[in-house]
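Written below as structure tokens is the structure these notes are about.
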Protein chains: 2
Amino acid sequence: MYTAQLKAHLQAVEQALPVYLPQIDRPWETVADGMHYACTDGGKRLRPVLLLEFCRLCGGDIKAALPFACAIEMIHAYSLVHDDMPCMDNSPLRRGKPAVHKQYGEDMALLVGDGLLTYAFETILSHAATVPADRVLSATLELAQSAGVEGMVGGQTIDLQSEGHTITIEQLNTLQSLKTGALLKAACVMGAILGGASAQQKDAAEMFGKELGRAFQIVDDILDATADAATLGKPVGADAAAEKSTYVTLLGLDEARKTAQKHTEAALSALDIFGDDAASLRQLAQTLQDRCY
Amino acid sequence: MYTAQLKAHLQAVEQALPVYLPQIDRPWETVADGMHYACTDGGKRLRPVLLLEFCRLCGGDIKAALPFACAIEMIHAYSLVHDDMPCMDNSPLRRGKPAVHKQYGEDMALLVGDGLLTYAFETILSHAATVPADRVLSATLELAQSAGVEGMVGGQTIDLQSEGHTITIEQLNTLQSLKTGALLKAACVMGAILGGASAQQKDAAEMFGKELGRAFQIVDDILDATADAATLGKPVGADAAAEKSTYVTLLGLDEARKTAQKHTEAALSALDIFGDDAASLRQLAQTLQDRCY
């Protein structure tokens, strides 16, 4: 899935993240420990990798963008911690290990999430000295908007509001573009901003993030409906069991595959402006698409 | 408690807050509605009032500081929403009306808190154009640090970690300076930064915030132990019932009063640098102190 270029970004993030996260041996040890635990899950680090790659593609300094990359991963991690809590999805496991509320208790899970969300902004603001201030402000606003009520929090709200109702494909599109799409798109746009992108480059990053995010969600729904647990590495059929409207229940399997393909193609064509230099992102988009066949 | 000057700040915050908060008639209506609900509680708005007054004292533009003032109130409101939740203090009421989780459900309370915390940063970043970028970055970092793991979240953690243990006065000082002191101090320092304070003015703001915050907490403990419910407007004896270590249980009533007085005097002397112009803050500090006799 990742080329050598993207693997280098992944490695940079894996090294930097525990360094940026708060020190553990302090009086608030438990929450700091939980923050490290929540950020160590063997995930793909898709958002920070996209951020760093768009920064590179737009000619920016990857090192200077690292605090932003780690911040977006902290936001992603906080959202998983709070989502897993008993009052939300009540998921005891996350990537095969106990969810934060199982490991540290519910009260600490609440604080670990709050701590990560706040620390994302702190990480950016305390390490942004080498980036022009206008780029810092604009990239950080992008992050806040995508994480907040007009993004992830809003998407979660619509999801809760629609529980027990059948929703339309338009409503599912809105829900998905907020709940998971916004942060993926923000990763691409933040990278472009930090790299000093032209208006066209920034638009291309936004389009790529938007289309990749949509394709990604449709493929996820297809995998949930078709793959066996061994291939997927997590329980399958969870959506059907929860009677959730998904791209598969609303479109059918064939149409869902075609729609995913259409969004992947749109993502690929958004990369044209970057020429051959975007080979890594092309391979990433194609690999994600190929998972659903 | 508030002079005409501080009442004008309070009024400015009351007017601006619902305008800065997200529109309600959107697809994520429930969380937006909950965010407004959580920010409408008839509170004293002490943090934003302090922020605006220090901005004024340092010669800054109060209007330009309003988004920051509203942001710190959003952070304060988020902390109350999450604190009241069943997995934390399990408080069904907040200022005589149902807590957010009672009114909107636990899942929405989690999102309302997350939404407010994120929106605080969004509010600052999307309305900061008239403030020099270095002041925006520095004031926002101050806010993030005071709210996060080295501030409010850290203080909450120490509080949870020390449940069921007797703690020392030093530990209580650390706990209190993080849990409630940090955000009060940040309000003063942010106001000074936004007002373009000199180094001495900024130090004075920090000292005032720190000493006022300590005096405030000690007076709160004294009132919890001595006042009747009618005077206090909330149930009394809650600390004793929870077997919590407080300034009264650790110092005794007389010594607690003396210690509060000492911190109020230190807060007052920090204001010397501002001369007569700090009359409103002097009256505020003295009124808070007088409550414990």
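As shown in the structure tokens, the chain order sets the letters A, B, ...; within each chain, residues go from 1, and ligands are also counted from 1 in the order they appear.
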
Would you list the contacts of range 28-34 of chain B as a CSV table (one decimal) with all heavy atoms, in the first residue's frame, taking every protein, DNA or RNA residue within 8 Å and counting only C-alpha atoms, but skipping same-chain residues closer than 5 positions in sequence?
chain,number,residue,atom,x,y,z
A,149,VAL,N,-17.7,20.8,15.1
A,149,VAL,CA,-19.1,20.6,14.8
A,149,VAL,C,-19.4,20.6,13.3
A,149,VAL,O,-20.4,19.9,12.9
A,149,VAL,CB,-19.9,21.7,15.6
A,149,VAL,CG1,-19.6,23.1,15.1
A,149,VAL,CG2,-21.4,21.4,15.7
A,150,GLU,N,-18.6,21.3,12.5
A,150,GLU,CA,-18.9,21.3,11.1
A,150,GLU,C,-18.1,20.1,10.4
A,150,GLU,O,-18.0,20.1,9.2
A,150,GLU,CB,-18.4,22.6,10.4
A,150,GLU,CG,-19.2,23.8,11.0
A,150,GLU,CD,-18.2,24.9,11.4
A,150,GLU,OE1,-17.0,24.7,11.2
A,150,GLU,OE2,-18.7,25.9,11.9
A,154,GLY,N,-19.9,16.9,14.1
A,154,GLY,CA,-21.2,17.1,13.4
A,154,GLY,C,-21.6,15.7,12.8
A,154,GLY,O,-22.8,15.4,12.9
A,155,GLY,N,-20.7,15.0,12.2
A,155,GLY,CA,-21.0,13.7,11.6
A,155,GLY,C,-21.4,12.7,12.6
A,155,GLY,O,-22.4,12.0,12.4
A,157,THR,N,-22.8,13.4,15.3
A,157,THR,CA,-24.2,13.8,15.8
A,157,THR,C,-25.2,13.3,14.8
A,157,THR,O,-26.3,12.8,15.2
A,157,THR,CB,-24.2,15.4,15.9
A,157,THR,OG1,-23.2,15.8,16.8
A,157,THR,CG2,-25.6,15.8,16.4
A,158,ILE,N,-25.0,13.5,13.5
A,158,ILE,CA,-26.0,13.1,12.5
A,158,ILE,C,-26.2,11.6,12.6
A,158,ILE,O,-27.3,11.0,12.5
A,158,ILE,CB,-25.6,13.5,11.1
A,158,ILE,CG1,-25.5,15.0,11.0
A,158,ILE,CG2,-26.5,12.9,10.1
A,158,ILE,CD1,-24.9,15.5,9.7
A,161,GLN,N,-28.3,10.9,15.6
A,161,GLN,CA,-29.7,11.4,15.3
A,161,GLN,C,-30.4,10.4,14.4
A,161,GLN,O,-31.6,10.3,14.4
A,161,GLN,CB,-29.6,12.8,14.6
A,161,GLN,CG,-29.3,13.9,15.6
A,161,GLN,CD,-29.1,15.3,14.9
A,161,GLN,OE1,-29.0,16.3,15.5
A,161,GLN,NE2,-29.1,15.3,13.5
B,21,LEU,N,-20.9,31.1,18.7
B,21,LEU,CA,-21.3,29.6,18.8
B,21,LEU,C,-21.9,29.2,17.4
B,21,LEU,O,-22.5,30.1,16.7
B,21,LEU,CB,-22.2,29.4,19.9
B,21,LEU,CG,-21.6,29.3,21.3
B,21,LEU,CD1,-22.6,29.3,22.4
B,21,LEU,CD2,-20.7,28.0,21.4
B,22,PRO,N,-21.8,27.9,17.1
B,22,PRO,CA,-22.3,27.5,15.7
B,22,PRO,C,-23.8,27.7,15.6
B,22,PRO,O,-24.6,27.6,16.6
B,22,PRO,CB,-22.0,26.0,15.7
B,22,PRO,CG,-21.7,25.6,17.1
B,22,PRO,CD,-21.2,26.8,17.8
B,23,GLN,N,-24.3,28.0,14.4
B,23,GLN,CA,-25.7,28.1,14.1
B,23,GLN,C,-26.4,26.8,14.4
B,23,GLN,O,-25.8,25.7,14.3
B,23,GLN,CB,-25.9,28.3,12.6
B,23,GLN,CG,-25.9,29.7,12.1
B,23,GLN,CD,-26.3,29.7,10.6
B,23,GLN,OE1,-25.4,29.6,9.8
B,23,GLN,NE2,-27.5,29.9,10.3
B,100,VAL,N,-26.1,18.8,31.0
B,100,VAL,CA,-26.2,18.5,29.6
B,100,VAL,C,-26.6,17.0,29.3
B,100,VAL,O,-27.4,16.7,28.5
B,100,VAL,CB,-25.0,18.9,28.8
B,100,VAL,CG1,-25.0,18.5,27.3
B,100,VAL,CG2,-24.8,20.5,28.8
B,104,TYR,N,-29.7,16.1,27.2
B,104,TYR,CA,-29.5,15.6,25.8
B,104,TYR,C,-29.0,14.1,25.7
B,104,TYR,O,-28.8,13.6,24.6
B,104,TYR,CB,-28.4,16.5,25.1
B,104,TYR,CG,-28.8,17.9,24.9
B,104,TYR,CD1,-28.7,18.9,25.9
B,104,TYR,CD2,-29.4,18.3,23.7
B,104,TYR,CE1,-29.1,20.2,25.7
B,104,TYR,CE2,-29.8,19.6,23.5
B,104,TYR,CZ,-29.6,20.6,24.6
B,104,TYR,OH,-30.0,21.9,24.4
B,108,MET,N,-24.6,12.6,23.6
B,108,MET,CA,-24.5,14.0,23.2
B,108,MET,C,-23.7,14.9,24.1
B,108,MET,O,-23.1,15.8,23.6
B,108,MET,CB,-26.0,14.5,23.0
B,108,MET,CG,-26.7,14.0,21.8
B,108,MET,SD,-25.8,14.1,20.2
B,108,MET,CE,-25.3,15.8,20.3
B,109,ALA,N,-23.7,14.6,25.4
B,109,ALA,CA,-22.9,15.4,26.3
B,109,ALA,C,-21.5,15.2,26.0
B,109,ALA,O,-20.7,16.2,26.0
B,109,ALA,CB,-23.2,15.0,27.8
B,111,LEU,N,-20.2,14.6,23.0
B,111,LEU,CA,-20.0,15.4,21.8
B,111,LEU,C,-20.1,16.9,22.0
B,111,LEU,O,-19.4,17.7,21.4
B,111,LEU,CB,-21.0,15.0,20.7
B,111,LEU,CG,-20.8,13.5,20.2
B,111,LEU,CD1,-21.9,13.2,19.2
B,111,LEU,CD2,-19.4,13.4,19.5
B,112,VAL,N,-21.0,17.3,22.9
B,112,VAL,CA,-21.2,18.8,23.2
B,112,VAL,C,-19.8,19.3,23.8
B,112,VAL,O,-19.3,20.3,23.4
B,112,VAL,CB,-22.3,19.0,24.1
B,112,VAL,CG1,-22.3,20.4,24.7
B,112,VAL,CG2,-23.7,18.9,23.4
B,115,GLY,N,-17.2,19.2,21.1
B,115,GLY,CA,-17.5,20.3,20.2
B,115,GLY,C,-17.1,21.6,20.7
B,115,GLY,O,-16.5,22.5,20.0

Can I get the residues of range 181-269 of chain B within 12 Å of range 37-49 of chain B, each with the closest pair of atoms and their distance in Å to one decimal, using only C-alpha atoms, sorted chain first then ascending number, as JSON lines?
{"residue": "B:Gly181", "atom": "CA", "partner": "B:Arg47", "partner_atom": "CA", "distance": 10.8}
{"residue": "B:Ala182", "atom": "CA", "partner": "B:Arg47", "partner_atom": "CA", "distance": 10.8}
{"residue": "B:Leu183", "atom": "CA", "partner": "B:Arg47", "partner_atom": "CA", "distance": 7.6}
{"residue": "B:Leu184", "atom": "CA", "partner": "B:Arg47", "partner_atom": "CA", "distance": 5.8}
{"residue": "B:Lys185", "atom": "CA", "partner": "B:Arg47", "partner_atom": "CA", "distance": 8.7}
{"residue": "B:Ala186", "atom": "CA", "partner": "B:Arg47", "partner_atom": "CA", "distance": 8.5}
{"residue": "B:Ala187", "atom": "CA", "partner": "B:Arg47", "partner_atom": "CA", "distance": 5.4}
{"residue": "B:Cys188", "atom": "CA", "partner": "B:Arg47", "partner_atom": "CA", "distance": 7.9}
{"residue": "B:Val189", "atom": "CA", "partner": "B:Arg47", "partner_atom": "CA", "distance": 10.8}
{"residue": "B:Met190", "atom": "CA", "partner": "B:Pro48", "partner_atom": "CA", "distance": 9.9}
{"residue": "B:Gly191", "atom": "CA", "partner": "B:Pro48", "partner_atom": "CA", "distance": 8.8}
{"residue": "B:Gly209", "atom": "CA", "partner": "B:Arg47", "partner_atom": "CA", "distance": 9.8}
{"residue": "B:Leu212", "atom": "CA", "partner": "B:Leu46", "partner_atom": "CA", "distance": 11.3}
{"residue": "B:Gly213", "atom": "CA", "partner": "B:Arg47", "partner_atom": "CA", "distance": 10.6}
{"residue": "B:Phe216", "atom": "CA", "partner": "B:Leu46", "partner_atom": "CA", "distance": 11.2}

> Which neighbours of range 218-223 of chain B fall inside 8 Å, counting only C-alpha atoms, when residues of the same chain fewer than 3 positions from it are skipped, and could you give them as a PyMOL selection string?
Replying inline: chain B and resi 214-215+226-227+232+236+239+246-248+253+256-257+259-260+288-289+291-292

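Taking CA of Ala199 in chain B and CA of Glu53 in chain B as the two end points, the separation is 17.2 Å.
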
>> Among range 91-234 of chain B, which ones does DSSP assign to alpha helix (DSSP H) (computed from the backbone)? Answer as a PyMOL selection string.
In response: chain B and resi 100-104+106-126+133-147+152-161+169-176+182-194+199-226+229-232

> Within 9 Å of His101 in chain A, counting only C-alpha atoms, which residues qualify if same-chain residues fewer than 4 places away don't, as a list in words?
Replying inline: Val81, His82, Asp84, Met85, Pro86, Pro92, Gly105, Glu106, Asp107, Met108, Ala109 and Leu110 of chain A

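The spacing separating CA of Val19 in chain B from CA of Ala77 in chain B amounts to 16.0 Å.
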
>> Report as a ChimeraX atom specification all protein, DNA and RNA residues lying within 7 Å of Ala270 in chain B, evaluated on only C-alpha atoms, omitting residues in the same chain fewer than 3 positions from it.
In response: /B:204,207-208,266-267

Spatial neighbours of Ala192 in chain A, max dist 9 Å, only C-alpha atoms, sep filter under 3 positions, as a PDB file with N, CA, C and O atoms, in the first residue's frame:
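Produced file result_36.pdb, reproduced below:
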ATOM      1  N   LEU A  51      -0.677  14.114   4.992  1.00  0.00           N
ATOM      2  CA  LEU A  51      -0.266  15.486   5.269  1.00  0.00           C
ATOM      3  C   LEU A  51       1.186  15.721   4.830  1.00  0.00           C
ATOM      4  O   LEU A  51       1.494  16.687   4.116  1.00  0.00           O
ATOM      5  N   LEU A  52       2.054  14.812   5.237  1.00  0.00           N
ATOM      6  CA  LEU A  52       3.477  14.989   4.905  1.00  0.00           C
ATOM      7  C   LEU A  52       3.711  14.871   3.401  1.00  0.00           C
ATOM      8  O   LEU A  52       4.525  15.609   2.834  1.00  0.00           O
ATOM      9  N   GLU A  53       2.998  13.962   2.734  1.00  0.00           N
ATOM     10  CA  GLU A  53       3.217  13.779   1.297  1.00  0.00           C
ATOM     11  C   GLU A  53       2.734  15.001   0.507  1.00  0.00           C
ATOM     12  O   GLU A  53       3.400  15.423  -0.435  1.00  0.00           O
ATOM     13  N   PHE A  54       1.618  15.580   0.892  1.00  0.00           N
ATOM     14  CA  PHE A  54       1.169  16.793   0.190  1.00  0.00           C
ATOM     15  C   PHE A  54       2.101  17.970   0.487  1.00  0.00           C
ATOM     16  O   PHE A  54       2.331  18.821  -0.374  1.00  0.00           O
ATOM     17  N   CYS A  55       2.635  18.021   1.678  1.00  0.00           N
ATOM     18  CA  CYS A  55       3.621  19.052   1.997  1.00  0.00           C
ATOM     19  C   CYS A  55       4.837  18.906   1.074  1.00  0.00           C
ATOM     20  O   CYS A  55       5.304  19.880   0.479  1.00  0.00           O
ATOM     21  N   ARG A  56       5.309  17.670   0.927  1.00  0.00           N
ATOM     22  CA  ARG A  56       6.456  17.407   0.044  1.00  0.00           C
ATOM     23  C   ARG A  56       6.128  17.749  -1.411  1.00  0.00           C
ATOM     24  O   ARG A  56       6.900  18.429  -2.098  1.00  0.00           O
ATOM     25  N   LEU A  57       4.948  17.304  -1.869  1.00  0.00           N
ATOM     26  CA  LEU A  57       4.556  17.540  -3.264  1.00  0.00           C
ATOM     27  C   LEU A  57       4.470  19.025  -3.588  1.00  0.00           C
ATOM     28  O   LEU A  57       4.694  19.432  -4.723  1.00  0.00           O
ATOM     29  N   CYS A  58       4.124  19.835  -2.578  1.00  0.00           N
ATOM     30  CA  CYS A  58       4.001  21.274  -2.809  1.00  0.00           C
ATOM     31  C   CYS A  58       5.303  22.006  -2.514  1.00  0.00           C
ATOM     32  O   CYS A  58       5.350  23.245  -2.515  1.00  0.00           O
ATOM     33  N   GLY A  59       6.357  21.239  -2.246  1.00  0.00           N
ATOM     34  CA  GLY A  59       7.669  21.860  -2.104  1.00  0.00           C
ATOM     35  C   GLY A  59       7.992  22.325  -0.700  1.00  0.00           C
ATOM     36  O   GLY A  59       8.919  23.121  -0.502  1.00  0.00           O
ATOM     37  N   GLY A  60       7.270  21.810   0.300  1.00  0.00           N
ATOM     38  CA  GLY A  60       7.490  22.265   1.669  1.00  0.00           C
ATOM     39  C   GLY A  60       8.517  21.436   2.425  1.00  0.00           C
ATOM     40  O   GLY A  60       9.009  20.424   1.926  1.00  0.00           O
ATOM     41  N   ALA A 139      -3.568  26.447   8.580  1.00  0.00           N
ATOM     42  CA  ALA A 139      -3.585  24.983   8.710  1.00  0.00           C
ATOM     43  C   ALA A 139      -4.284  24.558  10.007  1.00  0.00           C
ATOM     44  O   ALA A 139      -5.013  23.556  10.035  1.00  0.00           O
ATOM     45  N   ALA A 187      -6.230  16.602   6.233  1.00  0.00           N
ATOM     46  CA  ALA A 187      -4.837  16.152   6.195  1.00  0.00           C
ATOM     47  C   ALA A 187      -4.181  16.610   4.894  1.00  0.00           C
ATOM     48  O   ALA A 187      -3.065  17.162   4.905  1.00  0.00           O
ATOM     49  N   CYS A 188      -4.884  16.402   3.776  1.00  0.00           N
ATOM     50  CA  CYS A 188      -4.331  16.784   2.471  1.00  0.00           C
ATOM     51  C   CYS A 188      -4.194  18.295   2.356  1.00  0.00           C
ATOM     52  O   CYS A 188      -3.151  18.809   1.921  1.00  0.00           O
ATOM     53  N   VAL A 189      -5.225  19.013   2.764  1.00  0.00           N
ATOM     54  CA  VAL A 189      -5.221  20.473   2.632  1.00  0.00           C
ATOM     55  C   VAL A 189      -4.157  21.091   3.553  1.00  0.00           C
ATOM     56  O   VAL A 189      -3.426  22.005   3.160  1.00  0.00           O
ATOM     57  N   GLY A 195       3.068  23.305   2.818  1.00  0.00           N
ATOM     58  CA  GLY A 195       4.065  23.230   1.752  1.00  0.00           C
ATOM     59  C   GLY A 195       4.106  24.488   0.901  1.00  0.00           C
ATOM     60  O   GLY A 195       4.915  24.568  -0.031  1.00  0.00           O
ATOM     61  N   GLY A 196       3.249  25.449   1.194  1.00  0.00           N
ATOM     62  CA  GLY A 196       3.239  26.686   0.403  1.00  0.00           C
ATOM     63  C   GLY A 196       2.591  26.491  -0.952  1.00  0.00           C
ATOM     64  O   GLY A 196       3.036  27.051  -1.965  1.00  0.00           O
ATOM     65  N   ALA A 197       1.520  25.698  -1.013  1.00  0.00           N
ATOM     66  CA  ALA A 197       0.860  25.368  -2.279  1.00  0.00           C
ATOM     67  C   ALA A 197       0.313  26.598  -2.986  1.00  0.00           C
ATOM     68  O   ALA A 197      -0.075  27.581  -2.347  1.00  0.00           O
ATOM     69  N   SER A 198       0.272  26.520  -4.326  1.00  0.00           N
ATOM     70  CA  SER A 198      -0.489  27.475  -5.124  1.00  0.00           C
ATOM     71  C   SER A 198      -1.979  27.187  -4.909  1.00  0.00           C
ATOM     72  O   SER A 198      -2.337  26.134  -4.363  1.00  0.00           O
ATOM     73  N   GLN A 201      -2.823  23.928  -6.555  1.00  0.00           N
ATOM     74  CA  GLN A 201      -2.323  22.761  -5.813  1.00  0.00           C
ATOM     75  C   GLN A 201      -3.206  22.488  -4.588  1.00  0.00           C
ATOM     76  O   GLN A 201      -3.519  21.346  -4.270  1.00  0.00           O
ATOM     77  N   LYS A 202      -3.604  23.556  -3.902  1.00  0.00           N
ATOM     78  CA  LYS A 202      -4.451  23.392  -2.719  1.00  0.00           C
ATOM     79  C   LYS A 202      -5.802  22.792  -3.108  1.00  0.00           C
ATOM     80  O   LYS A 202      -6.317  21.887  -2.435  1.00  0.00           O
ATOM     81  N   ALA A 205      -5.336  19.120  -3.778  1.00  0.00           N
ATOM     82  CA  ALA A 205      -5.214  18.366  -2.522  1.00  0.00           C
ATOM     83  C   ALA A 205      -6.591  18.157  -1.902  1.00  0.00           C
ATOM     84  O   ALA A 205      -6.926  17.064  -1.428  1.00  0.00           O
ATOM     85  N   GLU A 206      -7.408  19.202  -1.924  1.00  0.00           N
ATOM     86  CA  GLU A 206      -8.745  19.117  -1.345  1.00  0.00           C
ATOM     87  C   GLU A 206      -9.604  18.100  -2.098  1.00  0.00           C
ATOM     88  O   GLU A 206     -10.279  17.257  -1.490  1.00  0.00           O
TER      89      GLU A 206
END

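Using only C-alpha atoms, the smallest distance between any of A:Gly96, A:Ser245, A:Glu265, A:Asp277 and Gly164 in chain A comes from A:Ser245.
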
>> Set the distance at 12 Å and use only C-alpha atoms: which residues neighbour Glu170 in chain A once local chain neighbours fewer than 2 positions away are removed? I'd like the list as a count of residues only.
In response: 14
